[in-house]
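Coordinates as given in start-v5.txt (compact mmCIF, N, CA and C atoms):
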# COMPACT_ATOMS: atom_id res chain seq x y z
N MET A 1 35.27 66.47 -72.19
CA MET A 1 35.95 67.71 -71.90
C MET A 1 36.87 67.48 -70.70
N LYS A 2 38.08 67.98 -70.80
CA LYS A 2 39.04 67.86 -69.70
C LYS A 2 38.81 68.96 -68.67
N ASN A 3 39.11 68.65 -67.41
CA ASN A 3 39.05 69.63 -66.32
C ASN A 3 40.44 70.22 -66.12
N PRO A 4 40.52 71.48 -65.72
CA PRO A 4 41.84 72.04 -65.39
C PRO A 4 42.35 71.43 -64.08
N LEU A 5 43.68 71.40 -63.93
CA LEU A 5 44.26 70.91 -62.68
C LEU A 5 44.17 72.02 -61.64
N HIS A 6 44.20 71.63 -60.37
CA HIS A 6 44.00 72.58 -59.27
C HIS A 6 45.22 72.68 -58.38
N TYR A 7 45.34 73.82 -57.71
CA TYR A 7 46.33 74.01 -56.66
C TYR A 7 45.69 73.64 -55.33
N GLN A 8 46.54 73.42 -54.33
CA GLN A 8 46.02 73.18 -52.98
C GLN A 8 45.27 74.42 -52.50
N LEU A 9 44.23 74.18 -51.72
CA LEU A 9 43.48 75.28 -51.12
C LEU A 9 44.02 75.66 -49.75
N SER A 10 44.75 74.74 -49.11
CA SER A 10 45.28 74.99 -47.78
C SER A 10 46.62 74.27 -47.64
N GLU A 11 47.22 74.36 -46.48
CA GLU A 11 48.48 73.63 -46.27
C GLU A 11 48.24 72.16 -45.94
N TYR A 12 47.00 71.73 -45.86
CA TYR A 12 46.67 70.37 -45.45
C TYR A 12 46.23 69.46 -46.59
N ASP A 13 45.74 70.01 -47.69
CA ASP A 13 45.03 69.21 -48.69
C ASP A 13 45.87 68.77 -49.89
N CYS A 14 47.18 68.51 -49.70
CA CYS A 14 47.98 68.03 -50.82
C CYS A 14 47.52 66.65 -51.28
N GLY A 15 47.09 65.79 -50.35
CA GLY A 15 46.61 64.45 -50.71
C GLY A 15 45.41 64.47 -51.62
N PRO A 16 44.28 65.06 -51.18
CA PRO A 16 43.11 65.06 -52.06
C PRO A 16 43.34 65.85 -53.35
N THR A 17 44.13 66.93 -53.28
CA THR A 17 44.40 67.70 -54.50
C THR A 17 45.17 66.86 -55.50
N SER A 18 46.18 66.13 -55.05
CA SER A 18 46.96 65.26 -55.95
C SER A 18 46.08 64.18 -56.57
N MET A 19 45.24 63.56 -55.75
CA MET A 19 44.38 62.48 -56.26
C MET A 19 43.33 63.02 -57.23
N LEU A 20 42.72 64.14 -56.90
CA LEU A 20 41.73 64.73 -57.81
C LEU A 20 42.37 65.17 -59.12
N ASN A 21 43.59 65.70 -59.06
CA ASN A 21 44.30 66.06 -60.28
C ASN A 21 44.63 64.83 -61.12
N ALA A 22 44.97 63.73 -60.48
CA ALA A 22 45.23 62.49 -61.22
C ALA A 22 43.97 62.03 -61.95
N ILE A 23 42.83 62.08 -61.29
CA ILE A 23 41.57 61.70 -61.93
C ILE A 23 41.25 62.66 -63.07
N SER A 24 41.47 63.96 -62.87
CA SER A 24 41.22 64.95 -63.93
C SER A 24 42.08 64.68 -65.14
N PHE A 25 43.31 64.27 -64.92
CA PHE A 25 44.23 63.99 -66.02
C PHE A 25 43.82 62.73 -66.77
N LEU A 26 43.39 61.70 -66.04
CA LEU A 26 43.09 60.40 -66.64
C LEU A 26 41.73 60.33 -67.32
N PHE A 27 40.76 61.09 -66.83
CA PHE A 27 39.39 60.96 -67.33
C PHE A 27 38.85 62.30 -67.80
N ASP A 28 37.97 62.27 -68.80
CA ASP A 28 37.22 63.46 -69.19
C ASP A 28 36.17 63.74 -68.12
N ARG A 29 35.72 64.97 -68.07
CA ARG A 29 34.74 65.41 -67.07
C ARG A 29 33.50 64.52 -67.02
N GLU A 30 33.00 64.14 -68.16
CA GLU A 30 31.77 63.33 -68.24
C GLU A 30 31.99 61.89 -67.76
N GLU A 31 33.23 61.45 -67.67
CA GLU A 31 33.53 60.07 -67.29
C GLU A 31 33.79 59.90 -65.79
N ILE A 32 33.90 60.99 -65.07
CA ILE A 32 34.26 60.91 -63.65
C ILE A 32 33.03 60.57 -62.81
N SER A 33 33.14 59.46 -62.11
CA SER A 33 32.04 58.99 -61.27
C SER A 33 32.01 59.75 -59.94
N PRO A 34 30.84 60.06 -59.43
CA PRO A 34 30.78 60.70 -58.11
C PRO A 34 31.32 59.78 -57.02
N VAL A 35 31.35 58.48 -57.26
CA VAL A 35 31.85 57.53 -56.27
C VAL A 35 33.33 57.78 -55.99
N ILE A 36 34.11 58.03 -57.05
CA ILE A 36 35.55 58.26 -56.83
C ILE A 36 35.76 59.58 -56.09
N LEU A 37 35.00 60.60 -56.40
CA LEU A 37 35.12 61.88 -55.70
C LEU A 37 34.80 61.71 -54.22
N ARG A 38 33.74 61.00 -53.94
CA ARG A 38 33.33 60.74 -52.56
C ARG A 38 34.42 59.99 -51.80
N ASN A 39 34.99 58.97 -52.42
CA ASN A 39 35.99 58.15 -51.74
C ASN A 39 37.29 58.89 -51.53
N ILE A 40 37.68 59.74 -52.46
CA ILE A 40 38.89 60.54 -52.25
C ILE A 40 38.71 61.41 -51.02
N MET A 41 37.57 62.07 -50.92
CA MET A 41 37.33 62.95 -49.78
C MET A 41 37.14 62.15 -48.48
N LEU A 42 36.60 60.95 -48.60
CA LEU A 42 36.38 60.11 -47.42
C LEU A 42 37.69 59.62 -46.81
N TYR A 43 38.63 59.23 -47.66
CA TYR A 43 39.87 58.63 -47.16
C TYR A 43 41.00 59.62 -46.91
N CYS A 44 40.95 60.79 -47.51
CA CYS A 44 42.03 61.77 -47.33
C CYS A 44 41.79 62.62 -46.08
N LEU A 45 42.78 63.42 -45.74
CA LEU A 45 42.73 64.28 -44.55
C LEU A 45 42.35 63.49 -43.31
N ASP A 46 42.99 62.33 -43.16
CA ASP A 46 42.63 61.41 -42.08
C ASP A 46 43.58 61.45 -40.88
N CYS A 47 44.53 62.37 -40.88
CA CYS A 47 45.49 62.46 -39.76
C CYS A 47 45.11 63.56 -38.77
N TYR A 48 45.28 63.26 -37.51
CA TYR A 48 44.98 64.22 -36.44
C TYR A 48 46.26 64.93 -36.02
N ASP A 49 46.17 66.22 -35.74
CA ASP A 49 47.34 66.95 -35.23
C ASP A 49 47.51 66.70 -33.74
N GLY A 50 48.50 67.34 -33.13
CA GLY A 50 48.79 67.15 -31.70
C GLY A 50 47.66 67.54 -30.78
N ASP A 51 46.76 68.42 -31.25
CA ASP A 51 45.61 68.84 -30.45
C ASP A 51 44.37 67.99 -30.71
N GLY A 52 44.51 66.96 -31.57
CA GLY A 52 43.39 66.08 -31.87
C GLY A 52 42.44 66.58 -32.93
N VAL A 53 42.87 67.57 -33.71
CA VAL A 53 42.00 68.12 -34.76
C VAL A 53 42.18 67.29 -36.03
N MET A 54 41.11 66.67 -36.51
CA MET A 54 41.16 65.81 -37.69
C MET A 54 41.48 66.63 -38.94
N GLY A 55 42.38 66.07 -39.76
CA GLY A 55 42.73 66.69 -41.03
C GLY A 55 43.86 67.69 -40.95
N LYS A 56 44.17 68.19 -39.75
CA LYS A 56 45.20 69.23 -39.62
C LYS A 56 46.61 68.68 -39.75
N LYS A 57 46.75 67.37 -39.86
CA LYS A 57 48.07 66.79 -40.12
C LYS A 57 48.08 66.18 -41.52
N GLY A 58 47.09 66.51 -42.34
CA GLY A 58 47.06 66.08 -43.73
C GLY A 58 46.53 64.67 -43.92
N THR A 59 47.11 64.00 -44.90
CA THR A 59 46.66 62.68 -45.32
C THR A 59 47.73 61.65 -45.01
N SER A 60 47.33 60.51 -44.48
CA SER A 60 48.29 59.47 -44.11
C SER A 60 48.89 58.80 -45.34
N CYS A 61 50.05 58.18 -45.14
CA CYS A 61 50.71 57.42 -46.21
C CYS A 61 49.82 56.27 -46.67
N ALA A 62 49.11 55.66 -45.75
CA ALA A 62 48.22 54.55 -46.10
C ALA A 62 47.14 54.99 -47.07
N ALA A 63 46.63 56.20 -46.89
CA ALA A 63 45.59 56.70 -47.79
C ALA A 63 46.16 57.07 -49.16
N MET A 64 47.42 57.45 -49.22
CA MET A 64 48.01 57.92 -50.48
C MET A 64 48.57 56.79 -51.34
N MET A 65 49.12 55.76 -50.80
CA MET A 65 49.66 54.59 -51.50
C MET A 65 50.25 54.84 -52.89
N PHE A 66 50.47 56.05 -53.25
CA PHE A 66 51.18 56.31 -54.51
C PHE A 66 51.97 57.59 -54.35
N ASP A 67 53.01 57.71 -55.17
CA ASP A 67 53.89 58.88 -55.09
C ASP A 67 53.92 59.54 -56.46
N PRO A 68 53.18 60.63 -56.66
CA PRO A 68 53.11 61.23 -57.98
C PRO A 68 54.30 62.11 -58.32
N TYR A 69 55.23 62.25 -57.39
CA TYR A 69 56.32 63.19 -57.60
C TYR A 69 57.63 62.47 -57.88
N TYR A 70 58.43 63.06 -58.76
CA TYR A 70 59.77 62.54 -59.04
C TYR A 70 60.70 62.98 -57.91
N VAL A 71 61.42 62.04 -57.36
CA VAL A 71 62.35 62.33 -56.28
C VAL A 71 63.76 62.12 -56.82
N GLU A 72 64.64 63.10 -56.64
CA GLU A 72 65.97 63.01 -57.21
C GLU A 72 66.90 62.05 -56.48
N GLU A 73 66.66 61.81 -55.18
CA GLU A 73 67.52 60.88 -54.46
C GLU A 73 67.39 59.49 -55.05
N LYS A 74 68.49 58.77 -55.05
CA LYS A 74 68.48 57.39 -55.54
C LYS A 74 67.63 56.55 -54.59
N TYR A 75 66.72 55.78 -55.14
CA TYR A 75 65.81 54.97 -54.33
C TYR A 75 66.03 53.51 -54.70
N GLU A 76 66.60 52.75 -53.79
CA GLU A 76 66.88 51.34 -54.09
C GLU A 76 66.22 50.46 -53.04
N GLU A 77 65.37 49.58 -53.52
CA GLU A 77 64.71 48.61 -52.65
C GLU A 77 64.32 47.44 -53.54
N PRO A 78 64.50 46.20 -53.08
CA PRO A 78 64.14 45.05 -53.92
C PRO A 78 62.66 45.10 -54.34
N GLY A 79 62.42 44.88 -55.62
CA GLY A 79 61.05 44.87 -56.12
C GLY A 79 60.51 46.23 -56.52
N ILE A 80 61.32 47.29 -56.36
CA ILE A 80 60.90 48.63 -56.74
C ILE A 80 61.99 49.24 -57.62
N VAL A 81 61.62 49.65 -58.82
CA VAL A 81 62.56 50.27 -59.74
C VAL A 81 62.16 51.72 -59.94
N GLN A 82 63.09 52.64 -59.72
CA GLN A 82 62.83 54.06 -59.95
C GLN A 82 62.97 54.34 -61.45
N VAL A 83 62.00 55.05 -62.03
CA VAL A 83 61.99 55.38 -63.45
C VAL A 83 62.15 56.88 -63.59
N THR A 84 63.15 57.32 -64.34
CA THR A 84 63.41 58.76 -64.47
C THR A 84 63.13 59.30 -65.87
N ASP A 85 62.86 58.42 -66.83
CA ASP A 85 62.67 58.89 -68.21
C ASP A 85 61.21 58.93 -68.65
N GLN A 86 60.26 58.84 -67.72
CA GLN A 86 58.83 58.89 -68.03
C GLN A 86 58.12 59.89 -67.12
N PRO A 87 58.53 61.17 -67.10
CA PRO A 87 58.03 62.11 -66.09
C PRO A 87 56.52 62.37 -66.15
N PHE A 88 55.88 62.13 -67.27
CA PHE A 88 54.45 62.38 -67.37
C PHE A 88 53.64 61.08 -67.38
N ARG A 89 54.28 59.96 -67.12
CA ARG A 89 53.58 58.68 -67.15
C ARG A 89 53.68 57.92 -65.83
N TYR A 90 54.89 57.69 -65.33
CA TYR A 90 55.08 56.97 -64.07
C TYR A 90 56.49 57.21 -63.56
N ASN A 91 56.71 56.95 -62.26
CA ASN A 91 58.04 57.15 -61.70
C ASN A 91 58.58 55.92 -60.96
N ARG A 92 57.78 54.88 -60.86
CA ARG A 92 58.24 53.64 -60.23
C ARG A 92 57.59 52.45 -60.92
N ILE A 93 58.30 51.34 -60.91
CA ILE A 93 57.74 50.04 -61.30
C ILE A 93 57.83 49.18 -60.04
N VAL A 94 56.68 48.73 -59.56
CA VAL A 94 56.62 47.96 -58.31
C VAL A 94 56.14 46.56 -58.63
N ASP A 95 56.90 45.56 -58.16
CA ASP A 95 56.51 44.17 -58.37
C ASP A 95 55.15 43.88 -57.76
N GLU A 96 54.35 43.10 -58.45
CA GLU A 96 53.02 42.72 -57.94
C GLU A 96 53.13 42.04 -56.58
N GLU A 97 54.17 41.25 -56.39
CA GLU A 97 54.36 40.54 -55.12
C GLU A 97 54.44 41.49 -53.94
N ARG A 98 55.02 42.67 -54.14
CA ARG A 98 55.11 43.66 -53.05
C ARG A 98 53.73 44.16 -52.64
N PHE A 99 52.85 44.39 -53.61
CA PHE A 99 51.51 44.85 -53.29
C PHE A 99 50.74 43.81 -52.48
N ASN A 100 50.92 42.55 -52.79
CA ASN A 100 50.15 41.48 -52.15
C ASN A 100 50.65 41.08 -50.78
N ARG A 101 51.70 41.70 -50.29
CA ARG A 101 52.18 41.39 -48.94
C ARG A 101 51.15 41.85 -47.90
N GLU A 102 51.07 41.11 -46.83
CA GLU A 102 50.13 41.45 -45.76
C GLU A 102 50.83 42.19 -44.62
N THR A 103 51.91 42.88 -44.94
CA THR A 103 52.67 43.64 -43.95
C THR A 103 52.29 45.13 -44.08
N THR A 104 52.99 45.96 -43.32
CA THR A 104 52.71 47.40 -43.37
C THR A 104 53.85 48.17 -44.05
N GLU A 105 54.77 47.46 -44.72
CA GLU A 105 55.88 48.16 -45.38
C GLU A 105 55.38 48.91 -46.63
N LEU A 106 56.27 49.73 -47.20
CA LEU A 106 55.93 50.56 -48.34
C LEU A 106 55.35 49.73 -49.49
N TYR A 107 54.24 50.16 -50.03
CA TYR A 107 53.51 49.56 -51.16
C TYR A 107 52.77 48.26 -50.81
N ALA A 108 52.91 47.73 -49.62
CA ALA A 108 52.17 46.53 -49.24
C ALA A 108 50.73 46.93 -48.93
N LEU A 109 49.78 46.11 -49.36
CA LEU A 109 48.37 46.43 -49.15
C LEU A 109 47.87 46.03 -47.76
N GLY A 110 48.72 45.36 -46.98
CA GLY A 110 48.35 45.04 -45.61
C GLY A 110 47.53 43.77 -45.49
N PRO A 111 47.07 43.48 -44.29
CA PRO A 111 46.28 42.27 -44.06
C PRO A 111 45.05 42.21 -44.97
N GLU A 112 44.83 41.06 -45.58
CA GLU A 112 43.76 40.92 -46.57
C GLU A 112 42.39 41.29 -46.02
N GLY A 113 42.12 40.94 -44.79
CA GLY A 113 40.82 41.23 -44.19
C GLY A 113 40.57 42.71 -43.93
N GLU A 114 41.61 43.53 -44.00
CA GLU A 114 41.48 44.96 -43.73
C GLU A 114 41.55 45.82 -44.99
N ARG A 115 41.70 45.21 -46.14
CA ARG A 115 41.85 45.97 -47.39
C ARG A 115 40.51 46.48 -47.89
N GLU A 116 40.56 47.64 -48.53
CA GLU A 116 39.39 48.21 -49.20
C GLU A 116 39.82 48.64 -50.59
N ALA A 117 38.91 48.65 -51.53
CA ALA A 117 39.26 49.05 -52.89
C ALA A 117 38.10 49.80 -53.52
N VAL A 118 38.44 50.69 -54.41
CA VAL A 118 37.45 51.39 -55.23
C VAL A 118 37.79 51.04 -56.66
N ILE A 119 36.87 50.46 -57.38
CA ILE A 119 37.10 50.09 -58.77
C ILE A 119 36.60 51.21 -59.67
N ILE A 120 37.48 51.71 -60.52
CA ILE A 120 37.15 52.78 -61.44
C ILE A 120 37.18 52.19 -62.85
N TYR A 121 36.19 52.49 -63.64
CA TYR A 121 36.22 52.04 -65.03
C TYR A 121 35.68 53.16 -65.91
N ASN A 122 36.03 53.06 -67.17
CA ASN A 122 35.64 54.05 -68.16
C ASN A 122 34.32 53.61 -68.80
N ASP A 123 33.26 54.37 -68.62
CA ASP A 123 31.95 54.02 -69.19
C ASP A 123 31.99 53.93 -70.71
N CYS A 124 32.89 54.67 -71.34
CA CYS A 124 32.96 54.67 -72.81
C CYS A 124 33.53 53.37 -73.36
N THR A 125 34.37 52.68 -72.60
CA THR A 125 34.98 51.45 -73.09
C THR A 125 34.48 50.21 -72.34
N LYS A 126 33.55 50.39 -71.44
CA LYS A 126 33.01 49.27 -70.66
C LYS A 126 32.27 48.31 -71.58
N LYS A 127 32.52 47.03 -71.41
CA LYS A 127 31.85 46.00 -72.20
C LYS A 127 30.47 45.71 -71.61
N THR A 128 29.46 45.77 -72.45
CA THR A 128 28.10 45.41 -72.03
C THR A 128 27.54 44.40 -73.03
N MET A 129 26.45 43.78 -72.69
CA MET A 129 25.83 42.81 -73.61
C MET A 129 25.40 43.49 -74.91
N GLU A 130 24.96 44.74 -74.81
CA GLU A 130 24.49 45.45 -75.99
C GLU A 130 25.63 45.83 -76.94
N THR A 131 26.83 46.04 -76.39
CA THR A 131 27.94 46.51 -77.22
C THR A 131 28.98 45.41 -77.50
N THR A 132 28.73 44.22 -77.05
CA THR A 132 29.69 43.13 -77.24
C THR A 132 29.10 42.09 -78.16
N ILE A 133 29.90 41.67 -79.13
CA ILE A 133 29.47 40.62 -80.04
C ILE A 133 30.22 39.36 -79.67
N GLU A 134 29.49 38.27 -79.49
CA GLU A 134 30.12 36.99 -79.19
C GLU A 134 29.91 36.07 -80.37
N TYR A 135 30.95 35.32 -80.67
CA TYR A 135 30.86 34.35 -81.76
C TYR A 135 30.99 32.95 -81.18
N PHE A 136 30.10 32.09 -81.55
CA PHE A 136 30.16 30.69 -81.13
C PHE A 136 30.37 29.85 -82.38
N ILE A 137 31.35 28.97 -82.32
CA ILE A 137 31.62 28.11 -83.48
C ILE A 137 31.31 26.68 -83.08
Write the structure described by the file as structure tokens, please.
Amino acid sequence: MKNPLHYQLSEYDCGPTSMLNAISFLFDREEISPVILRNIMLYCLDCYDGDGVMGKKGTSCAAMMFDPYYVEEKYEEPGIVQVTDQPFRYNRIVDEERFNRETTELYALGPEGEREAVIIYNDCTKKTMETTIEYFI
């Protein structure tokens, strides 16, 4: 069963709302792991405002690492292609080499020792010993 998409609850939560909506779109309700929900909430709303209040400046670019919105301005940068004819699928094609950079520029994953990842998989299509047939010749 699919979940409905949500609006922001405040002026601060565009990051977690966008990420949760992406998960809702990609996975059925029964397929969504509590681990991904926990990690979205853990990493978002990580910016402090001028008074030092956590979350009041929203979510950092580092936490978002993706841009779900179509931007009309021309965007030109080596290794990044803007896509305008796939509005419900993707809006950029980014070279793998850009992701693997150890710098802090756009789309770079940063120093290898500081990277973190959450692996998401679909339980319905996951290969297990019980559901996989191997042939030996």
For a quick check of understanding, using only C-alpha atoms, which of A:Asp123, A:Glu11, A:Glu130, A:Glu105 has the smallest distance to Arg29 of chain A?
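For Arg29 of chain A, the nearest of the candidates is A:Asp123.
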Pick out the residues sitting within 8 Å of segment 115-118 of chain A, and hand them over as a PDB file with N, CA and C atoms, in the coordinates of the input; count only N, CA and C atoms, and ignore anything fewer than 6 positions along from it in its own chain.
ATOM      1  N   VAL A  35      31.350  58.480 -57.260  1.00  0.00           N
ATOM      2  CA  VAL A  35      31.850  57.530 -56.270  1.00  0.00           C
ATOM      3  C   VAL A  35      33.330  57.780 -55.990  1.00  0.00           C
ATOM      4  N   ILE A  36      34.110  58.030 -57.050  1.00  0.00           N
ATOM      5  CA  ILE A  36      35.550  58.260 -56.830  1.00  0.00           C
ATOM      6  C   ILE A  36      35.760  59.580 -56.090  1.00  0.00           C
ATOM      7  N   ASN A  39      34.990  58.970 -52.420  1.00  0.00           N
ATOM      8  CA  ASN A  39      35.990  58.150 -51.740  1.00  0.00           C
ATOM      9  C   ASN A  39      37.290  58.890 -51.530  1.00  0.00           C
ATOM     10  N   LEU A 109      49.780  46.110 -49.360  1.00  0.00           N
ATOM     11  CA  LEU A 109      48.370  46.430 -49.150  1.00  0.00           C
ATOM     12  C   LEU A 109      47.870  46.030 -47.760  1.00  0.00           C
TER      13      LEU A 109
END
Using only C-alpha atoms, what residues lie at most 7 Å away from (47.7, 64.2, -41.5) (file coordinates), given as a ChimeraX atom specification?
/A:45-49,55-60
Would you list, as a list in words, the residues of segment 13-129 of chain A that end up in strand (DSSP E) under DSSP run on this structure's backbone?
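Filtering segment 13-129 of chain A down to strand (DSSP E) leaves Ile80, Val81, Gln82, Arg92, Ile93 and Val94 of chain A.
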Measuring atom to atom with all atoms listed in the file, identify which of A:Leu42, A:Val81, A:Met64, A:Cys14 is nearest to Val94 of chain A.
A:Val81
Taking only N, CA and C atoms into account, name the residue in A:Asn3, A:Ser10, A:Asn100, A:Thr84 that is nearest to Asp28 of chain A.
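Closest residue, counting only N, CA and C atoms: A:Asn3.
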How far is it from atom CA of Ile93 of chain A to atom C of Ile80 of chain A, in Å with one decimal?
5.7 Å
Between A:Asp95, A:Asp13, A:Asp85, A:Glu73, which is the closest to Cys44 of chain A once you count only C-alpha atoms?
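Closest to Cys44 of chain A of all the choices is A:Asp13.
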Please compute the atom CA of Met41 of chain A-atom N of Pro16 of chain A distance, one decimal, in Å.
7.4 Å
Find the distance between atom CA of Val53 of chain A and atom CA of Pro111 of chain A and write it in Å to one decimal.
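One can read the atom CA of Val53 of chain A to atom CA of Pro111 of chain A distance as 27.8 Å.
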Long-range neighbours of His6 of chain A as a short mmCIF file (atom, residue, chain, number, x, y, z; two decimals) with N, CA and C atoms, in the coordinates of the input, 9 Å cut-off, only C-alpha atoms, 3 positions minimum in chain:
data_model
loop_
_atom_site.label_atom_id
_atom_site.label_comp_id
_atom_site.auth_asym_id
_atom_site.auth_seq_id
_atom_site.Cartn_x
_atom_site.Cartn_y
_atom_site.Cartn_z
N LEU A 9 44.23 74.18 -51.72
CA LEU A 9 43.48 75.28 -51.12
C LEU A 9 44.02 75.66 -49.75
N THR A 17 44.13 66.93 -53.28
CA THR A 17 44.40 67.70 -54.50
C THR A 17 45.17 66.86 -55.50
N SER A 18 46.18 66.13 -55.05
CA SER A 18 46.96 65.26 -55.95
C SER A 18 46.08 64.18 -56.57
N LEU A 20 42.72 64.14 -56.90
CA LEU A 20 41.73 64.73 -57.81
C LEU A 20 42.37 65.17 -59.12
N ASN A 21 43.59 65.70 -59.06
CA ASN A 21 44.30 66.06 -60.28
C ASN A 21 44.63 64.83 -61.12
#
Restricting the calculation to only N, CA and C atoms, which member of A:Tyr43, A:Leu5, A:Met129, A:Arg101 is positioned closest to Ala62 of chain A?
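Residue with the minimum atom-to-atom distance to Ala62 of chain A: A:Tyr43.
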For segment 22-33 of chain A of the structure just presented, write N, CA, C and O atoms to a file, as a compact mmCIF listing (two decimals), in the first residue's frame.
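Once written, decode-v4.txt looks like this:
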# COMPACT_ATOMS: atom_id res chain seq x y z
N ALA A 22 10.13 11.16 -0.68
CA ALA A 22 10.86 10.34 -1.65
C ALA A 22 10.74 8.86 -1.29
O ALA A 22 10.48 8.02 -2.16
N ILE A 23 10.90 8.53 -0.03
CA ILE A 23 10.77 7.14 0.41
C ILE A 23 9.35 6.65 0.20
O ILE A 23 9.12 5.53 -0.27
N SER A 24 8.35 7.50 0.50
CA SER A 24 6.94 7.12 0.29
C SER A 24 6.66 6.84 -1.17
O SER A 24 5.90 5.93 -1.50
N PHE A 25 7.26 7.61 -2.05
CA PHE A 25 7.06 7.42 -3.48
C PHE A 25 7.73 6.14 -3.97
O PHE A 25 7.17 5.40 -4.78
N LEU A 26 8.93 5.85 -3.48
CA LEU A 26 9.70 4.71 -3.97
C LEU A 26 9.28 3.36 -3.39
O LEU A 26 9.44 2.33 -4.05
N PHE A 27 8.76 3.35 -2.17
CA PHE A 27 8.47 2.09 -1.50
C PHE A 27 7.02 2.04 -1.03
O PHE A 27 6.43 3.05 -0.66
N ASP A 28 6.45 0.83 -1.00
CA ASP A 28 5.15 0.63 -0.38
C ASP A 28 5.32 0.70 1.13
O ASP A 28 6.41 0.47 1.67
N ARG A 29 4.24 0.97 1.82
CA ARG A 29 4.25 1.14 3.28
C ARG A 29 4.91 -0.05 4.00
O ARG A 29 5.70 0.13 4.91
N GLU A 30 4.60 -1.24 3.56
CA GLU A 30 5.12 -2.45 4.21
C GLU A 30 6.62 -2.65 3.97
O GLU A 30 7.26 -3.43 4.67
N GLU A 31 7.18 -1.98 2.99
CA GLU A 31 8.59 -2.15 2.64
C GLU A 31 9.51 -1.14 3.33
O GLU A 31 10.73 -1.26 3.25
N ILE A 32 8.95 -0.15 3.98
CA ILE A 32 9.77 0.91 4.57
C ILE A 32 10.34 0.47 5.91
O ILE A 32 9.61 0.15 6.83
N SER A 33 11.66 0.47 5.97
CA SER A 33 12.36 0.05 7.18
C SER A 33 12.37 1.17 8.22
O SER A 33 12.55 2.34 7.87
